[in-house]
file data07.cif (mmCIF, N, CA and C atoms)
data_protein
#
loop_
_atom_site.label_atom_id
_atom_site.label_comp_id
_atom_site.auth_asym_id
_atom_site.auth_seq_id
_atom_site.Cartn_x
_atom_site.Cartn_y
_atom_site.Cartn_z
N MET O 1 9.82 -19.16 -11.25
CA MET O 1 9.21 -18.79 -10.00
C MET O 1 10.09 -19.29 -8.85
N THR O 2 10.36 -18.43 -7.86
CA THR O 2 11.24 -18.76 -6.76
C THR O 2 10.46 -19.46 -5.66
N ASP O 3 11.02 -20.54 -5.15
CA ASP O 3 10.42 -21.24 -4.02
C ASP O 3 10.56 -20.36 -2.78
N GLN O 4 9.49 -20.19 -2.00
CA GLN O 4 9.50 -19.31 -0.84
C GLN O 4 10.54 -19.73 0.19
N THR O 5 10.84 -21.01 0.30
CA THR O 5 11.80 -21.46 1.30
C THR O 5 13.23 -21.08 0.94
N THR O 6 13.50 -20.84 -0.33
CA THR O 6 14.85 -20.48 -0.74
C THR O 6 14.96 -18.99 -1.11
N ALA O 7 13.88 -18.26 -1.05
CA ALA O 7 13.91 -16.85 -1.39
C ALA O 7 14.75 -16.08 -0.36
N VAL O 8 15.53 -15.13 -0.84
CA VAL O 8 16.36 -14.31 0.02
C VAL O 8 15.52 -13.08 0.42
N SER O 9 15.53 -12.78 1.70
CA SER O 9 14.73 -11.65 2.18
C SER O 9 15.29 -10.34 1.64
N PRO O 10 14.44 -9.32 1.57
CA PRO O 10 14.92 -8.03 1.08
C PRO O 10 16.12 -7.49 1.86
N THR O 11 16.08 -7.59 3.19
CA THR O 11 17.18 -7.03 3.96
C THR O 11 18.48 -7.80 3.75
N VAL O 12 18.39 -9.10 3.54
CA VAL O 12 19.60 -9.89 3.26
C VAL O 12 20.19 -9.46 1.92
N ARG O 13 19.33 -9.21 0.92
CA ARG O 13 19.80 -8.73 -0.39
C ARG O 13 20.49 -7.37 -0.25
N TRP O 14 19.84 -6.44 0.47
CA TRP O 14 20.42 -5.10 0.62
C TRP O 14 21.75 -5.18 1.37
N ARG O 15 21.78 -5.97 2.42
CA ARG O 15 22.98 -6.11 3.25
C ARG O 15 24.13 -6.72 2.43
N ALA O 16 23.81 -7.64 1.52
CA ALA O 16 24.83 -8.29 0.70
C ALA O 16 25.50 -7.31 -0.27
N ALA O 17 24.92 -6.16 -0.50
CA ALA O 17 25.51 -5.17 -1.40
C ALA O 17 26.78 -4.55 -0.82
N VAL O 18 27.00 -4.74 0.48
CA VAL O 18 28.16 -4.15 1.15
C VAL O 18 28.94 -5.23 1.89
N PRO O 19 29.62 -6.11 1.14
CA PRO O 19 30.33 -7.21 1.79
C PRO O 19 31.47 -6.75 2.69
N GLU O 20 32.00 -5.56 2.45
CA GLU O 20 33.10 -5.05 3.27
C GLU O 20 32.65 -4.54 4.63
N LEU O 21 31.35 -4.38 4.85
CA LEU O 21 30.82 -3.96 6.15
C LEU O 21 30.76 -5.19 7.05
N PRO O 22 31.47 -5.18 8.17
CA PRO O 22 31.45 -6.37 9.04
C PRO O 22 30.03 -6.74 9.46
N ALA O 23 29.75 -8.01 9.39
CA ALA O 23 28.42 -8.49 9.76
C ALA O 23 28.24 -8.38 11.27
N LEU O 24 27.04 -8.04 11.67
CA LEU O 24 26.70 -8.06 13.09
C LEU O 24 26.56 -9.51 13.52
N THR O 25 26.84 -9.79 14.78
CA THR O 25 26.77 -11.17 15.25
C THR O 25 25.71 -11.39 16.30
N GLU O 26 25.31 -10.34 17.01
CA GLU O 26 24.31 -10.46 18.05
C GLU O 26 22.91 -10.50 17.42
N PRO O 27 22.11 -11.51 17.73
CA PRO O 27 20.78 -11.62 17.10
C PRO O 27 19.91 -10.36 17.24
N ALA O 28 19.92 -9.74 18.40
CA ALA O 28 19.09 -8.53 18.59
C ALA O 28 19.58 -7.38 17.71
N ALA O 29 20.90 -7.26 17.54
CA ALA O 29 21.46 -6.21 16.69
C ALA O 29 21.12 -6.47 15.22
N ILE O 30 21.17 -7.73 14.83
CA ILE O 30 20.81 -8.09 13.45
C ILE O 30 19.35 -7.72 13.19
N THR O 31 18.48 -8.06 14.12
CA THR O 31 17.06 -7.73 13.98
C THR O 31 16.86 -6.22 13.93
N ALA O 32 17.55 -5.49 14.79
CA ALA O 32 17.42 -4.03 14.81
C ALA O 32 17.86 -3.43 13.48
N GLU O 33 18.99 -3.90 12.95
CA GLU O 33 19.48 -3.40 11.66
C GLU O 33 18.47 -3.69 10.55
N ARG O 34 17.97 -4.90 10.53
CA ARG O 34 17.00 -5.28 9.50
C ARG O 34 15.73 -4.45 9.60
N LEU O 35 15.24 -4.21 10.81
CA LEU O 35 14.05 -3.38 10.98
C LEU O 35 14.31 -1.95 10.50
N LEU O 36 15.48 -1.41 10.82
CA LEU O 36 15.79 -0.05 10.36
C LEU O 36 15.91 0.01 8.84
N LEU O 37 16.45 -1.02 8.23
CA LEU O 37 16.47 -1.07 6.76
C LEU O 37 15.06 -1.06 6.20
N LEU O 38 14.18 -1.83 6.82
CA LEU O 38 12.79 -1.87 6.35
C LEU O 38 12.07 -0.55 6.59
N VAL O 39 12.39 0.13 7.67
CA VAL O 39 11.84 1.46 7.89
C VAL O 39 12.27 2.36 6.73
N HIS O 40 13.57 2.40 6.48
CA HIS O 40 14.10 3.28 5.44
C HIS O 40 13.49 2.98 4.06
N TYR O 41 13.47 1.72 3.69
CA TYR O 41 13.02 1.35 2.34
C TYR O 41 11.50 1.36 2.17
N ASN O 42 10.77 1.65 3.23
CA ASN O 42 9.31 1.70 3.13
C ASN O 42 8.75 3.05 3.52
N LEU O 43 9.59 4.06 3.55
CA LEU O 43 9.10 5.40 3.84
C LEU O 43 8.24 5.92 2.71
N ASP O 44 7.25 6.68 3.06
CA ASP O 44 6.41 7.34 2.06
C ASP O 44 7.07 8.68 1.72
N TRP O 45 7.95 8.66 0.73
CA TRP O 45 8.70 9.86 0.36
C TRP O 45 7.82 10.93 -0.27
N ASP O 46 6.59 10.56 -0.64
CA ASP O 46 5.66 11.56 -1.18
C ASP O 46 4.98 12.35 -0.07
N SER O 47 5.17 11.95 1.17
CA SER O 47 4.60 12.67 2.30
C SER O 47 5.52 13.84 2.66
N TRP O 48 5.29 14.42 3.81
CA TRP O 48 6.07 15.56 4.28
C TRP O 48 7.57 15.26 4.36
N ILE O 49 7.92 14.01 4.56
CA ILE O 49 9.34 13.68 4.76
C ILE O 49 10.18 13.94 3.51
N GLY O 50 9.56 13.83 2.34
CA GLY O 50 10.29 14.08 1.10
C GLY O 50 10.85 15.48 1.01
N GLU O 51 10.21 16.42 1.67
CA GLU O 51 10.67 17.81 1.67
C GLU O 51 11.82 18.05 2.65
N HIS O 52 12.14 17.04 3.43
CA HIS O 52 13.17 17.19 4.47
C HIS O 52 14.31 16.19 4.32
N ARG O 53 14.58 15.80 3.08
CA ARG O 53 15.61 14.78 2.83
C ARG O 53 16.97 15.16 3.40
N ARG O 54 17.35 16.41 3.35
CA ARG O 54 18.69 16.80 3.82
C ARG O 54 18.85 16.58 5.31
N ARG O 55 17.76 16.54 6.07
CA ARG O 55 17.81 16.33 7.51
C ARG O 55 17.50 14.88 7.90
N TYR O 56 17.22 14.05 6.92
CA TYR O 56 16.72 12.71 7.19
C TYR O 56 17.68 11.85 8.02
N TRP O 57 18.91 11.66 7.56
CA TRP O 57 19.84 10.74 8.22
C TRP O 57 20.31 11.25 9.58
N ASP O 58 20.56 12.54 9.68
CA ASP O 58 21.15 13.08 10.91
C ASP O 58 20.13 13.50 11.96
N GLU O 59 18.91 13.82 11.54
CA GLU O 59 17.92 14.31 12.49
C GLU O 59 16.62 13.50 12.50
N LEU O 60 15.94 13.47 11.38
CA LEU O 60 14.59 12.90 11.35
C LEU O 60 14.54 11.42 11.71
N LEU O 61 15.30 10.61 11.00
CA LEU O 61 15.26 9.17 11.28
C LEU O 61 15.69 8.87 12.71
N PRO O 62 16.86 9.34 13.16
CA PRO O 62 17.26 9.01 14.53
C PRO O 62 16.28 9.50 15.60
N SER O 63 15.77 10.71 15.44
CA SER O 63 14.87 11.23 16.48
C SER O 63 13.55 10.48 16.52
N ARG O 64 12.99 10.13 15.36
CA ARG O 64 11.73 9.38 15.34
C ARG O 64 11.92 7.97 15.90
N VAL O 65 13.04 7.33 15.52
CA VAL O 65 13.32 5.98 16.03
C VAL O 65 13.54 6.03 17.53
N ARG O 66 14.32 6.97 18.00
CA ARG O 66 14.60 7.10 19.43
C ARG O 66 13.30 7.31 20.22
N THR O 67 12.46 8.21 19.76
CA THR O 67 11.20 8.47 20.45
C THR O 67 10.35 7.21 20.52
N ALA O 68 10.22 6.51 19.42
CA ALA O 68 9.42 5.28 19.40
C ALA O 68 10.02 4.22 20.31
N THR O 69 11.34 4.16 20.34
CA THR O 69 12.02 3.15 21.15
C THR O 69 11.74 3.36 22.64
N TYR O 70 11.66 4.59 23.08
CA TYR O 70 11.39 4.86 24.49
C TYR O 70 9.90 4.83 24.83
N ARG O 71 9.05 4.99 23.85
CA ARG O 71 7.61 4.97 24.12
C ARG O 71 7.01 3.57 24.02
N ALA O 72 7.67 2.67 23.32
CA ALA O 72 7.11 1.33 23.08
C ALA O 72 7.77 0.31 23.99
N ASP O 73 7.00 -0.70 24.36
CA ASP O 73 7.59 -1.80 25.12
C ASP O 73 7.59 -3.10 24.33
N THR O 74 7.08 -3.04 23.09
CA THR O 74 7.12 -4.20 22.20
C THR O 74 7.52 -3.73 20.81
N LEU O 75 8.04 -4.64 20.01
CA LEU O 75 8.40 -4.28 18.64
C LEU O 75 7.18 -3.90 17.79
N PRO O 76 6.04 -4.61 17.91
CA PRO O 76 4.87 -4.16 17.14
C PRO O 76 4.43 -2.73 17.52
N ALA O 77 4.50 -2.39 18.80
CA ALA O 77 4.15 -1.02 19.21
C ALA O 77 5.17 -0.03 18.66
N TRP O 78 6.45 -0.41 18.68
CA TRP O 78 7.51 0.44 18.13
C TRP O 78 7.25 0.72 16.65
N TRP O 79 6.96 -0.35 15.89
CA TRP O 79 6.70 -0.20 14.46
C TRP O 79 5.48 0.69 14.22
N SER O 80 4.44 0.49 15.00
CA SER O 80 3.22 1.28 14.84
C SER O 80 3.48 2.76 15.08
N LEU O 81 4.25 3.08 16.11
CA LEU O 81 4.59 4.48 16.38
C LEU O 81 5.39 5.08 15.23
N LEU O 82 6.36 4.33 14.73
CA LEU O 82 7.17 4.82 13.61
C LEU O 82 6.35 4.97 12.33
N ALA O 83 5.46 4.01 12.10
CA ALA O 83 4.64 4.05 10.88
C ALA O 83 3.80 5.33 10.84
N GLN O 84 3.39 5.80 11.99
CA GLN O 84 2.62 7.04 12.05
C GLN O 84 3.52 8.27 11.99
N ALA O 85 4.68 8.20 12.63
CA ALA O 85 5.55 9.36 12.75
C ALA O 85 6.30 9.70 11.47
N LEU O 86 6.58 8.72 10.62
CA LEU O 86 7.45 9.03 9.48
C LEU O 86 6.74 9.37 8.17
N PRO O 87 5.84 8.88 7.60
CA PRO O 87 5.09 7.63 7.73
C PRO O 87 5.72 6.51 6.89
N ILE O 88 5.37 5.29 7.28
CA ILE O 88 5.87 4.09 6.60
C ILE O 88 4.69 3.41 5.92
N VAL O 89 4.90 3.00 4.66
CA VAL O 89 3.89 2.27 3.91
C VAL O 89 4.58 1.08 3.24
N VAL O 90 4.26 -0.11 3.69
CA VAL O 90 4.90 -1.32 3.15
C VAL O 90 4.00 -1.88 2.05
N THR O 91 4.40 -1.67 0.80
CA THR O 91 3.56 -2.09 -0.32
C THR O 91 4.02 -3.40 -0.95
N ASP O 92 5.20 -3.85 -0.64
CA ASP O 92 5.78 -5.06 -1.23
C ASP O 92 5.49 -6.27 -0.33
N LYS O 93 5.03 -7.36 -0.93
CA LYS O 93 4.65 -8.56 -0.17
C LYS O 93 5.82 -9.15 0.60
N ALA O 94 6.99 -9.26 -0.02
CA ALA O 94 8.17 -9.83 0.65
C ALA O 94 8.58 -8.96 1.84
N ARG O 95 8.50 -7.66 1.68
CA ARG O 95 8.85 -6.76 2.77
C ARG O 95 7.83 -6.87 3.91
N ARG O 96 6.54 -6.97 3.57
CA ARG O 96 5.52 -7.13 4.62
C ARG O 96 5.76 -8.38 5.43
N LEU O 97 6.08 -9.47 4.74
CA LEU O 97 6.35 -10.73 5.42
C LEU O 97 7.56 -10.60 6.34
N GLU O 98 8.61 -9.97 5.84
CA GLU O 98 9.81 -9.82 6.66
C GLU O 98 9.53 -8.94 7.88
N VAL O 99 8.81 -7.86 7.70
CA VAL O 99 8.46 -7.01 8.85
C VAL O 99 7.69 -7.84 9.88
N ALA O 100 6.69 -8.57 9.45
CA ALA O 100 5.89 -9.37 10.37
C ALA O 100 6.75 -10.39 11.11
N GLN O 101 7.67 -11.03 10.40
CA GLN O 101 8.57 -12.00 11.04
C GLN O 101 9.47 -11.34 12.07
N LEU O 102 10.03 -10.20 11.73
CA LEU O 102 10.94 -9.52 12.65
C LEU O 102 10.21 -8.96 13.87
N LEU O 103 8.97 -8.53 13.69
CA LEU O 103 8.22 -8.00 14.82
C LEU O 103 7.84 -9.08 15.82
N ALA O 104 7.98 -10.34 15.43
CA ALA O 104 7.71 -11.46 16.33
C ALA O 104 8.93 -11.85 17.15
N GLU O 105 10.08 -11.23 16.88
CA GLU O 105 11.30 -11.51 17.65
C GLU O 105 11.14 -10.96 19.07
N PRO O 106 11.93 -11.45 20.01
CA PRO O 106 11.87 -10.92 21.39
C PRO O 106 12.11 -9.41 21.40
N SER O 107 11.18 -8.67 21.96
CA SER O 107 11.21 -7.20 21.90
C SER O 107 12.29 -6.57 22.76
N ALA O 108 12.42 -6.99 24.00
CA ALA O 108 13.31 -6.31 24.95
C ALA O 108 14.75 -6.20 24.45
N PRO O 109 15.35 -7.28 23.96
CA PRO O 109 16.76 -7.14 23.51
C PRO O 109 16.92 -6.21 22.31
N VAL O 110 15.96 -6.24 21.39
CA VAL O 110 16.05 -5.38 20.21
C VAL O 110 15.85 -3.92 20.59
N LEU O 111 14.88 -3.64 21.44
CA LEU O 111 14.67 -2.27 21.89
C LEU O 111 15.88 -1.76 22.68
N ALA O 112 16.51 -2.62 23.46
CA ALA O 112 17.72 -2.22 24.19
C ALA O 112 18.84 -1.86 23.22
N ILE O 113 19.02 -2.65 22.19
CA ILE O 113 20.05 -2.35 21.18
C ILE O 113 19.75 -1.02 20.49
N LEU O 114 18.49 -0.80 20.15
CA LEU O 114 18.11 0.46 19.50
C LEU O 114 18.38 1.65 20.42
N ARG O 115 18.17 1.48 21.71
CA ARG O 115 18.43 2.57 22.67
C ARG O 115 19.93 2.82 22.83
N GLU O 116 20.71 1.75 22.86
CA GLU O 116 22.14 1.86 23.18
C GLU O 116 23.02 2.11 21.95
N GLN O 117 22.59 1.65 20.78
CA GLN O 117 23.47 1.68 19.61
C GLN O 117 22.86 2.38 18.40
N LEU O 118 21.87 3.21 18.60
CA LEU O 118 21.16 3.81 17.47
C LEU O 118 22.07 4.56 16.49
N PRO O 119 22.96 5.45 16.94
CA PRO O 119 23.80 6.14 15.95
C PRO O 119 24.63 5.17 15.08
N ALA O 120 25.16 4.14 15.69
CA ALA O 120 25.95 3.16 14.92
C ALA O 120 25.07 2.39 13.95
N LEU O 121 23.86 2.04 14.37
CA LEU O 121 22.95 1.32 13.48
C LEU O 121 22.49 2.20 12.32
N VAL O 122 22.19 3.46 12.59
CA VAL O 122 21.78 4.38 11.52
C VAL O 122 22.93 4.55 10.54
N LEU O 123 24.16 4.63 11.04
CA LEU O 123 25.32 4.73 10.15
C LEU O 123 25.40 3.51 9.24
N ARG O 124 25.23 2.32 9.79
CA ARG O 124 25.27 1.09 8.99
C ARG O 124 24.17 1.10 7.93
N VAL O 125 22.96 1.46 8.33
CA VAL O 125 21.84 1.48 7.39
C VAL O 125 22.09 2.51 6.29
N ARG O 126 22.66 3.65 6.65
CA ARG O 126 22.98 4.66 5.64
C ARG O 126 24.01 4.15 4.64
N ILE O 127 25.05 3.49 5.14
CA ILE O 127 26.08 2.92 4.26
C ILE O 127 25.43 1.92 3.29
N ILE O 128 24.59 1.05 3.82
CA ILE O 128 23.91 0.05 2.98
C ILE O 128 23.01 0.73 1.95
N ALA O 129 22.19 1.67 2.40
CA ALA O 129 21.25 2.35 1.49
C ALA O 129 21.99 3.12 0.40
N GLU O 130 23.06 3.80 0.75
CA GLU O 130 23.81 4.56 -0.25
C GLU O 130 24.49 3.62 -1.25
N THR O 131 24.98 2.48 -0.78
CA THR O 131 25.61 1.52 -1.67
C THR O 131 24.59 0.89 -2.61
N VAL O 132 23.43 0.52 -2.08
CA VAL O 132 22.37 -0.05 -2.92
C VAL O 132 21.94 0.98 -3.96
N ALA O 133 21.78 2.23 -3.56
CA ALA O 133 21.39 3.28 -4.51
C ALA O 133 22.44 3.46 -5.60
N GLU O 134 23.71 3.42 -5.21
CA GLU O 134 24.79 3.55 -6.20
C GLU O 134 24.78 2.37 -7.17
N HIS O 135 24.56 1.17 -6.66
CA HIS O 135 24.47 -0.01 -7.55
C HIS O 135 23.32 0.15 -8.52
N ARG O 136 22.19 0.66 -8.04
CA ARG O 136 21.04 0.86 -8.93
C ARG O 136 21.35 1.89 -10.00
N ARG O 137 22.00 2.98 -9.62
CA ARG O 137 22.36 4.02 -10.61
C ARG O 137 23.32 3.45 -11.64
N THR O 138 24.29 2.70 -11.19
CA THR O 138 25.28 2.11 -12.09
C THR O 138 24.61 1.13 -13.05
N THR O 139 23.73 0.29 -12.51
CA THR O 139 23.02 -0.68 -13.34
C THR O 139 22.12 0.01 -14.35
N THR O 140 21.42 1.04 -13.92
CA THR O 140 20.53 1.78 -14.82
C THR O 140 21.34 2.46 -15.91
N ALA O 141 22.45 3.07 -15.55
CA ALA O 141 23.30 3.73 -16.55
C ALA O 141 23.89 2.72 -17.53
N ALA O 142 24.28 1.55 -17.03
CA ALA O 142 24.84 0.52 -17.91
C ALA O 142 23.76 -0.02 -18.86
N ASP O 143 22.56 -0.20 -18.33
CA ASP O 143 21.45 -0.68 -19.17
C ASP O 143 21.11 0.34 -20.25
N ALA O 144 21.11 1.62 -19.89
CA ALA O 144 20.82 2.67 -20.86
C ALA O 144 21.90 2.74 -21.94
N ALA O 145 23.16 2.59 -21.53
CA ALA O 145 24.24 2.61 -22.50
C ALA O 145 24.17 1.43 -23.45
N GLU O 146 23.78 0.27 -22.91
CA GLU O 146 23.66 -0.94 -23.72
C GLU O 146 22.52 -0.79 -24.74
N GLU O 147 21.42 -0.17 -24.31
CA GLU O 147 20.29 0.04 -25.23
C GLU O 147 20.65 1.02 -26.34
N GLY O 148 21.53 1.97 -26.02
CA GLY O 148 21.91 2.98 -27.00
C GLY O 148 22.92 2.51 -28.02
N SER O 149 23.55 1.35 -27.75
CA SER O 149 24.58 0.90 -28.70
C SER O 149 24.05 0.03 -29.78
#

call {"tool": "encode", "arguments": {"input": "data07.cif", "output": "structure tokens"}}
result
Amino acid sequence: MTDQTTAVSPTVRWRAAVPELPALTEPAAITAERLLLLVHYNLDWDSWIGEHRRRYWDELLPSRVRTATYRADTLPAWWSLLAQALPIVVTDKARRLEVAQLLAEPSAPVLAILREQLPALVLRVRIIAETVAEHRRTTTAADAAEEGS
């Protein structure tokens, strides 16, 4: 059993999958990236969004995030707008805790980063998500090959 004080957050684990991606240094940018990762990894793909996967990275995600960013003046309001627009369902306890912690960060700097740097942040999140997915496919294929031998 892992001690909660030493447990690595989900976004730190996902981010670690791409060591060649330069780390962000500004606290608000780090929070924005982590929130976008949590948005992506908690989407309800069984909803309408699953039928629009080909438009997800270039249209759906950026437009929904941008709209919420300009309509909200706090991170909790931003999350609430996105949760309805996409929809987002956080079913994992560690992810819920991380979302709650990040939503307590100062809102104005994070919302400013989302307004000013959204395309770059979405690109980073896409790189991370695609790398994590590739690692999962590789691990699953290796496990299947090992079981077959």

call {"tool": "atom_distance", "arguments": {"input": "data07.cif", "atom1": "atom C of O:Glu105", "atom2": "atom C of O:Leu75"}}
result
8.2 Å

call {"tool": "atom_distance", "arguments": {"input": "data07.cif", "atom1": "atom CA of O:Glu116", "atom2": "atom C of O:Tyr41"}}
result
23.6 Å

call {"tool": "atom_distance", "arguments": {"input": "data07.cif", "atom1": "atom N of O:Ala77", "atom2": "atom C of O:Val99"}}
result
10.9 Å

call {"tool": "closest_residue", "arguments": {"input": "data07.cif", "among": "O:Val125, O:Ala133, O:Ala29, O:Ala17", "to": "O:Ile113", "atoms": "only C-alpha atoms"}}
result
O:Ala29

call {"tool": "residues_near_point", "arguments": {"input": "data07.cif", "point": "(11.3, 4.3, 18.9)", "cutoff": "8 Å", "atoms": "only N, CA and C atoms", "output": "NGL selection string"}}
result
:O and (62-72 or 77-79 or 81-82 or 111 or 114-115)

call {"tool": "closest_residue", "arguments": {"input": "data07.cif", "among": "O:Leu121, O:Leu103, O:Leu97, O:Val90", "to": "O:Asp44", "atoms": "only N, CA and C atoms"}}
result
O:Val90

call {"tool": "closest_residue", "arguments": {"input": "data07.cif", "among": "O:Asn42, O:Ser47, O:Ser107, O:Thr25", "to": "O:Arg95", "atoms": "only C-alpha atoms"}}
result
O:Asn42

call {"tool": "resolve_selection", "arguments": {"input": "data07.cif", "expression": "the PyMOL selection byres ((chain O and resi 33) around 8)", "output": "ChimeraX atom specification"}}
result
/O:11,27-32,34-39,110,114,121-122,124-125

call {"tool": "closest_residue", "arguments": {"input": "data07.cif", "among": "O:Pro10, O:Val18, O:Thr139, O:Thr91", "to": "O:Ile127", "atoms": "all atoms listed in the file"}}
result
O:Val18

call {"tool": "select_by_dssp", "arguments": {"input": "data07.cif", "residues": "stretch 1-102 of chain O", "states": "alpha helix (DSSP H)", "output": "number ranges by chain"}}
result
O: 10-16, 27-41, 53-55, 61-71, 75-85, 93-102

call {"tool": "build_atoms", "arguments": {"input": "data07.cif", "residues": "stretch 31-39 of chain O", "atoms": "all heavy atoms", "output": "CSV table (one decimal), in the coordinates of the input"}}
result
chain,number,residue,atom,x,y,z
O,31,THR,N,18.5,-8.1,14.1
O,31,THR,CA,17.1,-7.7,14.0
O,31,THR,C,16.9,-6.2,13.9
O,31,THR,O,16.1,-5.7,13.1
O,31,THR,CB,16.2,-8.4,15.1
O,31,THR,OG1,16.4,-9.8,15.1
O,31,THR,CG2,14.8,-8.0,15.0
O,32,ALA,N,17.6,-5.5,14.8
O,32,ALA,CA,17.4,-4.0,14.8
O,32,ALA,C,17.9,-3.4,13.5
O,32,ALA,O,17.2,-2.6,12.9
O,32,ALA,CB,18.2,-3.5,16.0
O,33,GLU,N,19.0,-3.9,13.0
O,33,GLU,CA,19.5,-3.4,11.7
O,33,GLU,C,18.5,-3.7,10.6
O,33,GLU,O,18.2,-2.8,9.7
O,33,GLU,CB,20.8,-4.0,11.3
O,33,GLU,CG,21.4,-3.5,10.0
O,33,GLU,CD,22.7,-4.2,9.7
O,33,GLU,OE1,22.7,-5.4,9.4
O,33,GLU,OE2,23.7,-3.5,9.7
O,34,ARG,N,18.0,-4.9,10.5
O,34,ARG,CA,17.0,-5.3,9.5
O,34,ARG,C,15.7,-4.4,9.6
O,34,ARG,O,15.2,-4.0,8.6
O,34,ARG,CB,16.7,-6.8,9.6
O,34,ARG,CG,17.9,-7.6,9.2
O,34,ARG,CD,17.7,-9.1,9.4
O,34,ARG,NE,16.6,-9.6,8.6
O,34,ARG,CZ,16.0,-10.8,8.7
O,34,ARG,NH1,16.4,-11.6,9.7
O,34,ARG,NH2,15.1,-11.2,7.9
O,35,LEU,N,15.2,-4.2,10.8
O,35,LEU,CA,14.0,-3.4,11.0
O,35,LEU,C,14.3,-2.0,10.5
O,35,LEU,O,13.5,-1.3,9.8
O,35,LEU,CB,13.6,-3.4,12.4
O,35,LEU,CG,12.8,-4.6,12.9
O,35,LEU,CD1,12.7,-4.7,14.4
O,35,LEU,CD2,11.5,-4.7,12.2
O,36,LEU,N,15.5,-1.4,10.8
O,36,LEU,CA,15.8,0.0,10.4
O,36,LEU,C,15.9,0.0,8.8
O,36,LEU,O,15.5,1.0,8.2
O,36,LEU,CB,17.1,0.5,11.0
O,36,LEU,CG,17.0,0.8,12.5
O,36,LEU,CD1,18.3,1.2,13.1
O,36,LEU,CD2,15.9,1.9,12.7
O,37,LEU,N,16.4,-1.0,8.2
O,37,LEU,CA,16.5,-1.1,6.8
O,37,LEU,C,15.1,-1.1,6.2
O,37,LEU,O,14.8,-0.4,5.2
O,37,LEU,CB,17.2,-2.3,6.3
O,37,LEU,CG,18.7,-2.2,6.3
O,37,LEU,CD1,19.4,-3.6,6.2
O,37,LEU,CD2,19.3,-1.3,5.2
O,38,LEU,N,14.2,-1.8,6.8
O,38,LEU,CA,12.8,-1.9,6.4
O,38,LEU,C,12.1,-0.6,6.6
O,38,LEU,O,11.2,-0.1,5.8
O,38,LEU,CB,12.1,-3.0,7.0
O,38,LEU,CG,12.5,-4.4,6.4
O,38,LEU,CD1,12.2,-5.5,7.4
O,38,LEU,CD2,11.9,-4.6,5.1
O,39,VAL,N,12.4,0.1,7.7
O,39,VAL,CA,11.8,1.5,7.9
O,39,VAL,C,12.3,2.4,6.7
O,39,VAL,O,11.4,3.0,6.1
O,39,VAL,CB,12.3,2.1,9.2
O,39,VAL,CG1,12.0,3.6,9.3
O,39,VAL,CG2,11.6,1.3,10.4
